[in-house]
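Student: Below you'll find the structure I mean.
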Amino acid sequence: MSKRDLLVEVGLEEMPARFVALAASQFKEKVEKWLTAERVPFDQITALETPRRFALLIHGVAEKQPDRNDEAKGPAKKIAQDEAGNWTKAALGFARSNNVDPNDLYLKEVNGVEYVHARKAEAGKATTEILPQLADVIAGMSFPKNMRWGTRDLKYVRPIRWLVALFGEELIDLEIAGVKSSRVSRGHRFLGTEVTLNNPGEYVSKLAEQHVIVNPEERRALIVEQIRRLEQEHGWTIPMDEGLLDEVVHLVEYPTALYGTFEAEFLTIPREVLVTSMREHQRYFPVENARGQLLNHFVTVRNGDSRALENVAKGNEKVLRARLSDARFFYVEDQKLSIESCLKRLETIVFHEELGTIGDKVRRVRKTAGLIASKLGVTAEEAKQVDRIAEIAKFDLVTNMVGEFPELQGIMGEDYARKAGESDLVARGVFEHYLPRFAGDLMPASAQGAIASMADKLDTIVGCFSIGIVPTGSQDPYGLRRMAAGIVAILLERNWQLSLDELWDAALEGYAAQGVSKRTVEEVKKDLVDFFALRLKNVLQENGVRYDVVDAVLSADLTRVPDVLAKAKALMATVSAEDFKLIVEQFNRVNNLAQKAEADSVDEALFAEEAERNLYQSYQSVESEVQGLADQEKILATLSTLREPIQGFFDKVMVMAEDQAVRANRLGLLLRISRLLNGYADFAKIVFA
């Protein structure tokens, strides 16, 4: 079958950097699905993008669809034929719907029943007949934010300015929002010109001649190479934040790295302020010496060539100087504020219109943190430190610096708290109470900071759930999943055997006192169980736990987070053992019959067989022993010793005895054992090959 390459380019006004890769990947996915649905074979798709375009180079596209020769199944014979063997209306309708002659219908047996069938032969269409539908695929793309332009009804990420669609050397007619496809693409806005393409193979090279590098990975490599060259030339270290690098890659079409300098006096400002100001406002990379100390230089990436770089550097230096002057002013002014005056201002800042002010939140968090500290049995001095961290953790929200750079919350709080005379532990706790902020982030180094962190996150989660804000699908505007994951991470790292149920109750107390909840405690806690179960499921999967073992442990008590992971690991270490399947089979027999029990009362006087007396004694011994164990492997091993008494019981004892009292007594014993087992895991969910 003959093949050609296909090029489709959508040219637009500059897109925000965060949308560029999203647009290209979505375009690739949609076109790939569309070609597959249209039965157009192809070899490979390459996505290309710059701030002004997203494009696909599709290699080895077949020139026509393959012919089809399908068999369609229709109604059963008893419906398709009358007594004389003639086709009925049902059969004739089936023939029409499949565009076949009724004389070509035939009967075929399927699972012992005859059905009418038809053979459908369909010649494949030429790909050039299908490709104009690409206009609908392009117009149907979605973006986080859209806009309209002119009098057009189409809402799109940015106005479409040109279209290129070439199938080999053949132009494909497309039209979107009044823009018709052509062979003409556009080079760099200032350094390039329009370029006429004869075929898809010229796309990358001809755009490069016009100062457009359409492959983002090539732009990334160029930026990294140029920055490394600056490092070697000047003996610098230039740390490259991956998020910033991604953004810069999608801000430029033709990258050229350069450096600038700012006054050394600005280095008296905290490093975090300088780096944030350079990164967030200007998209600059900071520069360090070999010892990791910040230098008064920066690196930026120009969207252009190397001409007049000195002038570009001076312009960037002027802009950064103004930014850093503002930052220094904010920093100096903030130090005139007292912590107590900042705390008073928190009473006027709304945390959530239905949950009160930040001041209200601080009071709730202090109470929750105190309850957690009490359950952990910390010393009086440590409890005092926890309370002070919880009390002042949010004070920096009203400072000038955090107002300008919200991402510095906690960082500035630590700096200002230390300057205000707070102890190092309390000052550091102000920063730590935000940790961890994302997967893989730092964890609170102090127990006091960890307690404050959990209390703060619990307050937000429980408060949102109390007024009906529960994350669904991909919607989580308050970052509640991230906060719950942070709580789980802290409990695991510190091996704190705190019950999630008790933690929820502690947070709910504050809202109950405030009287703002719209839902019952039972409704809130039911949602919290499901919500945290998903976070725990993620943790177990990250630790390589099998899906069935995950289901088994999460079906039991999941409120003590370290135990959940320990149980899963214990089961994973045992599940492949030869005799474990036999153990689980006996456990499942117990659970199945226990469901018939109406009560768990057991009267030893009603035992008629030695096997049931032996099982009862074994159960009592195991129950007593596991209550004193913390090691989940030992608990599982102890529970497993019930296998033989259970098997002996079922071998010798008729559970469903005619005597109602004896039957109830035996079922009650099984119910007790079932509860003991299910407190560890739902063994019925474990799958054996």
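Residues are named by chain letter and number: chains run A, B, ... in the order of the structure tokens, numbers start at 1 in each chain, and ligands are numbered from 1 in the order shown.
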Please identify which residues in stretch 90-335 of chain A DSSP calls strand (DSSP E) from the backbone, and express them as a PyMOL selection string.
Tutor: chain A and resi 106-110+113-122+160-167+170-171+175-176+179-182+184-186+194-196+255-261+285-288+294-303
Student: May I have the residues within 12 Å of A:Thr520 as number ranges by chain, using only C-alpha atoms and disregarding those fewer than 2 positions away in the same chain?
Tutor: A: 462, 465-468, 508, 511-512, 515-518, 522-527
Student: Those residues with N, CA and C atoms, as an mmCIF file, in the first residue's frame please?
Tutor:
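And here is the file that came out, result_36.cif:
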data_model
loop_
_atom_site.group_PDB
_atom_site.id
_atom_site.type_symbol
_atom_site.label_atom_id
_atom_site.label_comp_id
_atom_site.auth_asym_id
_atom_site.auth_seq_id
_atom_site.Cartn_x
_atom_site.Cartn_y
_atom_site.Cartn_z
ATOM 1 N N VAL A 462 -11.313 18.866 56.847
ATOM 2 C CA VAL A 462 -12.563 18.628 57.574
ATOM 3 C C VAL A 462 -13.528 19.792 57.383
ATOM 4 N N PHE A 465 -15.064 19.497 53.880
ATOM 5 C CA PHE A 465 -16.016 18.381 53.839
ATOM 6 C C PHE A 465 -17.292 18.730 54.609
ATOM 7 N N SER A 466 -17.146 19.517 55.674
ATOM 8 C CA SER A 466 -18.302 19.870 56.507
ATOM 9 C C SER A 466 -19.307 20.748 55.772
ATOM 10 N N ILE A 467 -18.830 21.503 54.779
ATOM 11 C CA ILE A 467 -19.756 22.355 54.021
ATOM 12 C C ILE A 467 -19.994 21.809 52.620
ATOM 13 N N GLY A 468 -19.608 20.557 52.408
ATOM 14 C CA GLY A 468 -19.938 19.897 51.145
ATOM 15 C C GLY A 468 -18.912 20.057 50.042
ATOM 16 N N LEU A 508 -13.162 18.140 63.957
ATOM 17 C CA LEU A 508 -14.607 18.387 63.933
ATOM 18 C C LEU A 508 -15.068 19.145 65.173
ATOM 19 N N TYR A 511 -15.081 22.903 64.572
ATOM 20 C CA TYR A 511 -16.177 23.372 63.729
ATOM 21 C C TYR A 511 -17.525 23.246 64.434
ATOM 22 N N ALA A 512 -17.665 22.220 65.283
ATOM 23 C CA ALA A 512 -18.909 22.070 66.051
ATOM 24 C C ALA A 512 -19.085 23.257 66.994
ATOM 25 N N GLY A 515 -20.116 26.120 64.949
ATOM 26 C CA GLY A 515 -21.475 25.958 64.425
ATOM 27 C C GLY A 515 -21.624 26.284 62.959
ATOM 28 N N VAL A 516 -20.648 25.891 62.133
ATOM 29 C CA VAL A 516 -20.718 26.247 60.712
ATOM 30 C C VAL A 516 -20.984 25.047 59.803
ATOM 31 N N SER A 517 -20.968 23.837 60.354
ATOM 32 C CA SER A 517 -21.109 22.653 59.512
ATOM 33 C C SER A 517 -22.515 22.546 58.933
ATOM 34 N N LYS A 518 -22.585 22.156 57.648
ATOM 35 C CA LYS A 518 -23.871 21.958 56.965
ATOM 36 C C LYS A 518 -24.299 20.490 56.971
ATOM 37 N N GLU A 522 -21.686 12.076 60.849
ATOM 38 C CA GLU A 522 -21.648 10.762 60.197
ATOM 39 C C GLU A 522 -21.411 10.897 58.699
ATOM 40 N N GLU A 523 -22.076 11.861 58.073
ATOM 41 C CA GLU A 523 -21.890 12.075 56.631
ATOM 42 C C GLU A 523 -20.460 12.500 56.317
ATOM 43 N N VAL A 524 -19.941 13.406 57.131
ATOM 44 C CA VAL A 524 -18.583 13.908 56.908
ATOM 45 C C VAL A 524 -17.570 12.782 57.066
ATOM 46 N N LYS A 525 -17.710 12.001 58.131
ATOM 47 C CA LYS A 525 -16.727 10.953 58.398
ATOM 48 C C LYS A 525 -16.795 9.833 57.370
ATOM 49 N N LYS A 526 -17.976 9.557 56.853
ATOM 50 C CA LYS A 526 -18.092 8.544 55.798
ATOM 51 C C LYS A 526 -17.290 8.975 54.571
ATOM 52 N N ASP A 527 -17.413 10.243 54.193
ATOM 53 C CA ASP A 527 -16.659 10.752 53.049
ATOM 54 C C ASP A 527 -15.158 10.791 53.339
#
Student: List the neighbours of A:Ile269 out to 12 Å using only C-alpha atoms; skip same-chain residues closer than 3 positions along the sequence, and give me the result as a ChimeraX atom specification.
Tutor: /A:263-266,272-277,294,296,324-332,401,412,415
Student: Grab the residues selected above and save them as a short mmCIF file (atom, residue, chain, number, x, y, z; two decimals), in the first residue's frame with N, CA, C and O atoms.
Tutor:
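Output below, filename selection31.cif:
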data_model
loop_
_atom_site.label_atom_id
_atom_site.label_comp_id
_atom_site.auth_asym_id
_atom_site.auth_seq_id
_atom_site.Cartn_x
_atom_site.Cartn_y
_atom_site.Cartn_z
N GLU A 263 23.31 44.73 41.61
CA GLU A 263 24.16 45.26 42.67
C GLU A 263 24.34 44.24 43.79
O GLU A 263 23.37 43.63 44.25
N ALA A 264 25.56 44.08 44.26
CA ALA A 264 25.86 43.11 45.31
C ALA A 264 25.13 43.41 46.60
O ALA A 264 24.88 42.52 47.42
N GLU A 265 24.74 44.68 46.80
CA GLU A 265 24.05 45.05 48.05
C GLU A 265 22.71 44.33 48.20
O GLU A 265 22.21 44.14 49.31
N PHE A 266 22.14 43.89 47.07
CA PHE A 266 20.86 43.17 47.15
C PHE A 266 21.02 41.78 47.75
O PHE A 266 20.04 41.14 48.13
N GLU A 272 15.90 33.23 49.36
CA GLU A 272 14.61 32.80 48.80
C GLU A 272 13.88 33.95 48.11
O GLU A 272 13.20 33.75 47.10
N VAL A 273 14.04 35.16 48.68
CA VAL A 273 13.38 36.32 48.09
C VAL A 273 14.01 36.65 46.74
O VAL A 273 13.30 36.89 45.74
N LEU A 274 15.33 36.63 46.68
CA LEU A 274 16.02 36.94 45.42
C LEU A 274 15.68 35.91 44.35
O LEU A 274 15.34 36.26 43.21
N VAL A 275 15.77 34.63 44.70
CA VAL A 275 15.51 33.57 43.72
C VAL A 275 14.07 33.63 43.24
O VAL A 275 13.79 33.49 42.04
N THR A 276 13.13 33.83 44.17
CA THR A 276 11.72 33.88 43.79
C THR A 276 11.44 35.07 42.90
O THR A 276 10.70 34.96 41.91
N SER A 277 12.02 36.21 43.23
CA SER A 277 11.81 37.40 42.41
C SER A 277 12.34 37.18 41.00
O SER A 277 11.69 37.54 40.01
N LEU A 294 24.84 32.37 46.65
CA LEU A 294 24.23 33.14 45.57
C LEU A 294 25.13 34.30 45.16
O LEU A 294 25.69 35.00 46.01
N ASN A 296 25.72 37.82 42.51
CA ASN A 296 24.91 38.92 41.98
C ASN A 296 24.87 38.89 40.44
O ASN A 296 25.13 39.88 39.76
N LEU A 324 14.04 44.01 42.53
CA LEU A 324 14.77 43.77 43.77
C LEU A 324 14.68 44.96 44.72
O LEU A 324 14.70 44.79 45.94
N SER A 325 14.58 46.14 44.17
CA SER A 325 14.40 47.32 45.02
C SER A 325 13.07 47.23 45.76
O SER A 325 12.98 47.54 46.96
N ASP A 326 12.04 46.81 45.04
CA ASP A 326 10.74 46.60 45.69
C ASP A 326 10.84 45.54 46.77
O ASP A 326 10.31 45.72 47.89
N ALA A 327 11.51 44.44 46.46
CA ALA A 327 11.63 43.35 47.43
C ALA A 327 12.37 43.81 48.68
O ALA A 327 11.98 43.49 49.81
N ARG A 328 13.45 44.59 48.49
CA ARG A 328 14.21 45.10 49.65
C ARG A 328 13.34 46.03 50.49
O ARG A 328 13.36 45.96 51.73
N PHE A 329 12.55 46.86 49.81
CA PHE A 329 11.65 47.76 50.55
C PHE A 329 10.65 46.97 51.37
O PHE A 329 10.42 47.25 52.56
N PHE A 330 10.03 45.93 50.74
CA PHE A 330 9.05 45.11 51.46
C PHE A 330 9.71 44.43 52.66
O PHE A 330 9.13 44.35 53.75
N TYR A 331 10.92 43.95 52.45
CA TYR A 331 11.62 43.21 53.51
C TYR A 331 11.91 44.11 54.70
O TYR A 331 11.71 43.73 55.86
N VAL A 332 12.37 45.31 54.42
CA VAL A 332 12.67 46.25 55.50
C VAL A 332 11.39 46.68 56.22
O VAL A 332 11.33 46.73 57.45
N MET A 401 5.84 41.10 51.87
CA MET A 401 6.59 40.16 51.05
C MET A 401 5.71 39.00 50.58
O MET A 401 5.74 38.61 49.41
N MET A 412 9.12 33.27 54.71
CA MET A 412 9.29 34.58 55.34
C MET A 412 8.86 34.53 56.80
O MET A 412 9.45 35.21 57.65
N ASP A 415 11.79 33.42 58.82
CA ASP A 415 12.80 34.48 58.92
C ASP A 415 12.35 35.58 59.87
O ASP A 415 13.10 36.00 60.77
#
Student: Contacts between stretch 375-393 of chain A and stretch 286-364 of chain A, please, where a residue of stretch 286-364 of chain A counts if it comes within 8 Å (with only C-alpha atoms); show its shortest atom pair and distance in Å to one decimal, rows by chain and ascending number, as a tab-separated table.
Tutor:
residue	atom	partner	partner_atom	distance
A:Ile339	CA	A:Ile392	CA	7.4
A:Leu343	CA	A:Ile392	CA	7.1
A:Val362	CA	A:Glu391	CA	6.1
A:Arg363	CA	A:Glu391	CA	7.4
Student: For the selection you just gave me, I'd like the residues written to a file as an mmCIF file, in the first residue's frame, keeping all heavy atoms.
Tutor:
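What landed in part-v8.cif:
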data_model
loop_
_atom_site.group_PDB
_atom_site.id
_atom_site.type_symbol
_atom_site.label_atom_id
_atom_site.label_comp_id
_atom_site.auth_asym_id
_atom_site.auth_seq_id
_atom_site.Cartn_x
_atom_site.Cartn_y
_atom_site.Cartn_z
ATOM 1 N N ILE A 339 4.721 40.504 65.535
ATOM 2 C CA ILE A 339 3.916 39.309 65.300
ATOM 3 C C ILE A 339 2.502 39.507 65.830
ATOM 4 O O ILE A 339 1.515 39.129 65.174
ATOM 5 C CB ILE A 339 4.578 38.078 65.954
ATOM 6 C CG1 ILE A 339 5.871 37.723 65.223
ATOM 7 C CG2 ILE A 339 3.626 36.882 65.950
ATOM 8 C CD1 ILE A 339 6.628 36.548 65.818
ATOM 9 N N LEU A 343 -1.086 39.100 63.908
ATOM 10 C CA LEU A 343 -2.122 38.153 64.325
ATOM 11 C C LEU A 343 -3.485 38.839 64.423
ATOM 12 O O LEU A 343 -4.517 38.248 64.066
ATOM 13 C CB LEU A 343 -1.750 37.522 65.669
ATOM 14 C CG LEU A 343 -0.518 36.606 65.666
ATOM 15 C CD1 LEU A 343 -0.241 36.073 67.071
ATOM 16 C CD2 LEU A 343 -0.712 35.447 64.697
ATOM 17 N N VAL A 362 -6.924 29.770 62.986
ATOM 18 C CA VAL A 362 -5.812 29.662 63.928
ATOM 19 C C VAL A 362 -6.291 29.086 65.255
ATOM 20 O O VAL A 362 -5.647 28.198 65.840
ATOM 21 C CB VAL A 362 -5.136 31.026 64.131
ATOM 22 C CG1 VAL A 362 -4.191 30.989 65.331
ATOM 23 C CG2 VAL A 362 -4.372 31.439 62.878
ATOM 24 N N ARG A 363 -7.434 29.562 65.748
ATOM 25 C CA ARG A 363 -7.945 29.059 67.026
ATOM 26 C C ARG A 363 -8.302 27.576 66.932
ATOM 27 O O ARG A 363 -8.046 26.803 67.859
ATOM 28 C CB ARG A 363 -9.156 29.888 67.461
ATOM 29 C CG ARG A 363 -8.774 31.249 68.037
ATOM 30 C CD ARG A 363 -9.978 32.012 68.539
ATOM 31 N NE ARG A 363 -10.768 32.560 67.433
ATOM 32 C CZ ARG A 363 -10.498 33.725 66.832
ATOM 33 N NH1 ARG A 363 -9.437 34.432 67.202
ATOM 34 N NH2 ARG A 363 -11.262 34.170 65.861
#
Student: Rounded to one decimal in Å, what is the spacing between atom CA of A:Met15 and atom CA of A:Glu209?
Tutor: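 Those two atoms sit 22.3 Å apart.
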Student: Output as a Markdown table one row per residue of stretch 261-349 of chain A within 12 Å of stretch 243-251 of chain A: the closest atom pair and its distance in Å to one decimal place, counting only C-alpha atoms, sorted by chain and residue number ascending.
Tutor:
| residue | atom | partner | partner_atom | distance |
| --- | --- | --- | --- | --- |
| A:Val275 | CA | A:Leu244 | CA | 11.6 |
| A:Thr276 | CA | A:Leu244 | CA | 11.1 |
| A:Met278 | CA | A:Leu244 | CA | 10.7 |
| A:Arg279 | CA | A:Leu244 | CA | 7.2 |
| A:Glu280 | CA | A:Leu244 | CA | 8.7 |
| A:His281 | CA | A:Leu244 | CA | 11.3 |
| A:Gln282 | CA | A:Val248 | CA | 10.5 |
| A:Arg283 | CA | A:Leu244 | CA | 6.8 |
| A:Tyr284 | CA | A:Leu244 | CA | 8.4 |
| A:Phe285 | CA | A:Leu244 | CA | 8.1 |
| A:Pro286 | CA | A:Leu244 | CA | 11.2 |
| A:Val299 | CA | A:Val248 | CA | 11.6 |
| A:Thr300 | CA | A:Val248 | CA | 8.9 |
| A:Val301 | CA | A:Val248 | CA | 7.3 |
| A:Arg302 | CA | A:Leu251 | CA | 9.2 |
| A:Asn303 | CA | A:Leu251 | CA | 7.6 |
| A:Gly304 | CA | A:Leu251 | CA | 11.2 |
Student: Write out as an MDAnalysis selection string the set of residues from stretch 32-235 of chain A that DSSP, computed on the backbone, places in helix (DSSP H, G or I).
Tutor: chainID A and resid 32:37 77:80 89:97 102:104 127:139 200:209 216:234
Student: Which one of A:Val8, A:Val398, A:Thr237, A:Leu197 sits closest to A:Ile349 if you count only C-alpha atoms?
Tutor: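 The closest residue to A:Ile349 is A:Val398.
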Student: One number please: atom CA of A:Ala568 to atom CA of A:Gly479, in Å, one decimal.
Tutor: 27.3 Å
Student: Between atom CA of A:Gly187 and atom CA of A:Asp136, what is the spacing in Å?
Tutor: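 According to the coordinates, atom CA of A:Asp136 and atom CA of A:Gly187 are separated by 25.8 Å.
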Student: Report as a CSV table (one decimal) with all heavy atoms, in the first residue's frame all protein, DNA and RNA residues lying within 12 Å of A:Cys342, evaluated on only C-alpha atoms, omitting residues in the same chain fewer than 4 positions from it.
Tutor:
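Saved result, out-v2.csv, follows:
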chain,number,residue,atom,x,y,z
A,334,ASP,N,8.5,45.1,56.4
A,334,ASP,CA,7.9,44.0,57.2
A,334,ASP,C,8.6,43.8,58.6
A,334,ASP,O,7.9,43.4,59.5
A,334,ASP,CB,8.1,42.6,56.4
A,334,ASP,CG,7.1,42.5,55.3
A,334,ASP,OD1,6.2,43.3,55.2
A,334,ASP,OD2,7.3,41.6,54.4
A,335,GLN,N,9.8,44.1,58.7
A,335,GLN,CA,10.5,43.9,60.0
A,335,GLN,C,10.1,45.0,61.0
A,335,GLN,O,10.4,44.9,62.2
A,335,GLN,CB,12.0,43.9,59.8
A,335,GLN,CG,12.5,42.7,59.0
A,335,GLN,CD,13.9,42.7,58.7
A,335,GLN,OE1,14.8,42.8,59.6
A,335,GLN,NE2,14.3,42.7,57.4
A,336,LYS,N,9.3,46.0,60.6
A,336,LYS,CA,8.8,47.0,61.5
A,336,LYS,C,7.5,46.5,62.1
A,336,LYS,O,7.0,47.0,63.1
A,336,LYS,CB,8.5,48.3,60.8
A,336,LYS,CG,9.7,48.9,60.2
A,336,LYS,CD,9.4,50.2,59.4
A,336,LYS,CE,10.6,50.8,58.7
A,336,LYS,NZ,10.2,52.0,57.9
A,337,LEU,N,6.9,45.4,61.6
A,337,LEU,CA,5.7,44.8,62.1
A,337,LEU,C,6.0,43.9,63.3
A,337,LEU,O,7.0,43.2,63.3
A,337,LEU,CB,5.0,44.0,61.0
A,337,LEU,CG,4.6,44.7,59.8
A,337,LEU,CD1,4.1,43.7,58.7
A,337,LEU,CD2,3.5,45.8,60.1
A,338,SER,N,5.1,43.8,64.2
A,338,SER,CA,5.2,42.9,65.3
A,338,SER,C,4.3,41.7,65.0
A,338,SER,O,3.4,41.8,64.3
A,338,SER,CB,4.8,43.5,66.7
A,338,SER,OG,3.4,43.7,66.7
A,346,LEU,N,-5.1,39.1,61.1
A,346,LEU,CA,-5.7,37.8,60.6
A,346,LEU,C,-7.2,37.7,60.8
A,346,LEU,O,-7.9,37.0,60.1
A,346,LEU,CB,-5.0,36.6,61.2
A,346,LEU,CG,-3.5,36.5,60.9
A,346,LEU,CD1,-2.9,35.2,61.6
A,346,LEU,CD2,-3.3,36.3,59.3
A,347,GLU,N,-7.7,38.5,61.8
A,347,GLU,CA,-9.1,38.4,62.1
A,347,GLU,C,-10.0,39.1,61.0
A,347,GLU,O,-11.2,38.9,61.0
A,347,GLU,CB,-9.4,39.2,63.5
A,347,GLU,CG,-8.7,38.6,64.7
A,347,GLU,CD,-9.1,37.2,65.0
A,347,GLU,OE1,-10.2,36.8,64.6
A,347,GLU,OE2,-8.3,36.5,65.7
A,348,THR,N,-9.3,39.8,60.2
A,348,THR,CA,-10.1,40.5,59.1
A,348,THR,C,-9.9,39.8,57.7
A,348,THR,O,-10.5,40.3,56.7
A,348,THR,CB,-9.5,42.0,59.0
A,348,THR,OG1,-8.2,42.0,58.6
A,348,THR,CG2,-9.7,42.7,60.3
A,349,ILE,N,-9.1,38.8,57.7
A,349,ILE,CA,-8.9,38.1,56.4
A,349,ILE,C,-9.7,36.8,56.4
A,349,ILE,O,-9.7,36.0,57.3
A,349,ILE,CB,-7.4,37.7,56.3
A,349,ILE,CG1,-6.5,39.0,56.3
A,349,ILE,CG2,-7.2,36.9,55.0
A,349,ILE,CD1,-5.0,38.7,56.2
A,358,ILE,N,-9.1,33.8,58.9
A,358,ILE,CA,-7.9,33.1,59.3
A,358,ILE,C,-7.7,33.0,60.8
A,358,ILE,O,-7.2,32.1,61.3
A,358,ILE,CB,-6.7,33.8,58.6
A,358,ILE,CG1,-6.8,33.8,57.1
A,358,ILE,CG2,-5.4,33.1,59.1
A,358,ILE,CD1,-6.6,32.4,56.5
A,359,GLY,N,-8.2,34.1,61.5
A,359,GLY,CA,-8.1,34.1,62.9
A,359,GLY,C,-8.9,32.9,63.5
A,359,GLY,O,-8.5,32.2,64.5
A,391,GLU,N,-0.1,29.0,66.8
A,391,GLU,CA,-0.6,30.4,67.1
A,391,GLU,C,-0.1,31.3,66.0
A,391,GLU,O,-0.8,32.2,65.5
A,391,GLU,CB,-0.3,30.8,68.5
A,391,GLU,CG,-0.8,32.2,68.8
A,391,GLU,CD,-0.4,32.7,70.2
A,391,GLU,OE1,0.5,32.1,70.8
A,391,GLU,OE2,-1.0,33.7,70.6
A,392,ILE,N,1.2,31.2,65.7
A,392,ILE,CA,1.8,32.3,64.8
A,392,ILE,C,2.1,31.8,63.4
A,392,ILE,O,2.6,32.5,62.6
A,392,ILE,CB,3.1,32.8,65.5
A,392,ILE,CG1,4.2,31.7,65.4
A,392,ILE,CG2,2.9,33.3,66.9
A,392,ILE,CD1,5.6,32.2,65.8
A,393,ALA,N,1.7,30.6,63.1
A,393,ALA,CA,2.0,30.0,61.8
A,393,ALA,C,1.6,30.8,60.6
A,393,ALA,O,2.2,30.7,59.5
A,393,ALA,CB,1.5,28.5,61.7
A,394,LYS,N,0.5,31.5,60.7
A,394,LYS,CA,-0.1,32.3,59.6
A,394,LYS,C,0.2,33.8,59.6
A,394,LYS,O,-0.3,34.5,58.8
A,394,LYS,CB,-1.6,32.1,59.6
A,394,LYS,CG,-2.1,30.6,59.5
A,394,LYS,CD,-1.7,29.9,58.2
A,394,LYS,CE,-2.2,28.5,58.2
A,394,LYS,NZ,-1.8,27.8,57.0
A,395,PHE,N,1.0,34.2,60.6
A,395,PHE,CA,1.1,35.7,60.8
A,395,PHE,C,1.7,36.3,59.5
A,395,PHE,O,1.5,37.5,59.2
A,395,PHE,CB,2.0,36.0,62.0
A,395,PHE,CG,3.4,36.0,61.8
A,395,PHE,CD1,4.1,37.2,61.5
A,395,PHE,CD2,4.2,34.9,62.0
A,395,PHE,CE1,5.5,37.2,61.3
A,395,PHE,CE2,5.6,34.9,61.8
A,395,PHE,CZ,6.2,36.1,61.5
A,396,ASP,N,2.6,35.6,58.8
A,396,ASP,CA,3.3,36.2,57.7
A,396,ASP,C,2.4,36.5,56.5
A,396,ASP,O,2.8,37.1,55.5
A,396,ASP,CB,4.5,35.5,57.2
A,396,ASP,CG,4.2,34.1,56.7
A,396,ASP,OD1,3.1,33.6,57.0
A,396,ASP,OD2,5.1,33.5,56.0
A,397,LEU,N,1.1,35.9,56.5
A,397,LEU,CA,0.2,36.1,55.4
A,397,LEU,C,-0.1,37.6,55.2
A,397,LEU,O,-0.6,38.0,54.1
A,397,LEU,CB,-1.1,35.3,55.6
A,397,LEU,CG,-0.9,33.8,55.7
A,397,LEU,CD1,-2.3,33.1,55.8
A,397,LEU,CD2,-0.3,33.3,54.4
A,398,VAL,N,0.0,38.4,56.3
A,398,VAL,CA,-0.3,39.8,56.1
A,398,VAL,C,0.9,40.7,55.8
A,398,VAL,O,0.8,41.9,55.8
A,398,VAL,CB,-1.0,40.4,57.4
A,398,VAL,CG1,-2.3,39.6,57.7
A,398,VAL,CG2,-0.1,40.3,58.6
A,399,THR,N,2.0,40.1,55.6
A,399,THR,CA,3.2,40.9,55.3
A,399,THR,C,3.3,41.3,53.9
A,399,THR,O,2.6,40.7,53.0
A,399,THR,CB,4.5,40.1,55.7
A,399,THR,OG1,4.6,38.9,54.8
A,399,THR,CG2,4.5,39.7,57.1
A,400,ASN,N,4.1,42.3,53.6
A,400,ASN,CA,4.2,42.8,52.2
A,400,ASN,C,4.8,41.8,51.3
A,400,ASN,O,4.5,41.6,50.2
A,400,ASN,CB,5.1,44.1,52.2
A,400,ASN,CG,4.4,45.3,52.9
A,400,ASN,OD1,3.4,45.7,52.5
A,400,ASN,ND2,5.0,45.7,54.0
A,413,GLY,N,7.8,33.7,57.1
A,413,GLY,CA,7.4,33.6,58.5
A,413,GLY,C,8.5,33.1,59.4
A,413,GLY,O,8.7,33.6,60.5
A,416,TYR,N,11.1,36.0,59.7
A,416,TYR,CA,10.6,37.1,60.5
A,416,TYR,C,10.4,36.7,62.0
A,416,TYR,O,10.7,37.5,62.9
A,416,TYR,CB,9.3,37.7,60.0
A,416,TYR,CG,9.4,38.3,58.6
A,416,TYR,CD1,8.3,38.4,57.8
A,416,TYR,CD2,10.6,38.9,58.2
A,416,TYR,CE1,8.3,39.0,56.6
A,416,TYR,CE2,10.7,39.5,56.9
A,416,TYR,CZ,9.5,39.6,56.1
A,416,TYR,OH,9.6,40.2,54.9
A,417,ALA,N,10.0,35.4,62.2
A,417,ALA,CA,9.8,34.9,63.6
A,417,ALA,C,11.1,34.9,64.3
A,417,ALA,O,11.2,35.3,65.5
A,417,ALA,CB,9.2,33.6,63.5
Student: So that I can check the surroundings of A:Glu122, please list as a ChimeraX atom specification every protein, DNA and RNA residue that reaches within 8 Å of it, counting only C-alpha atoms and ignoring chain neighbours fewer than 6 positions away.
Tutor: /A:67-69
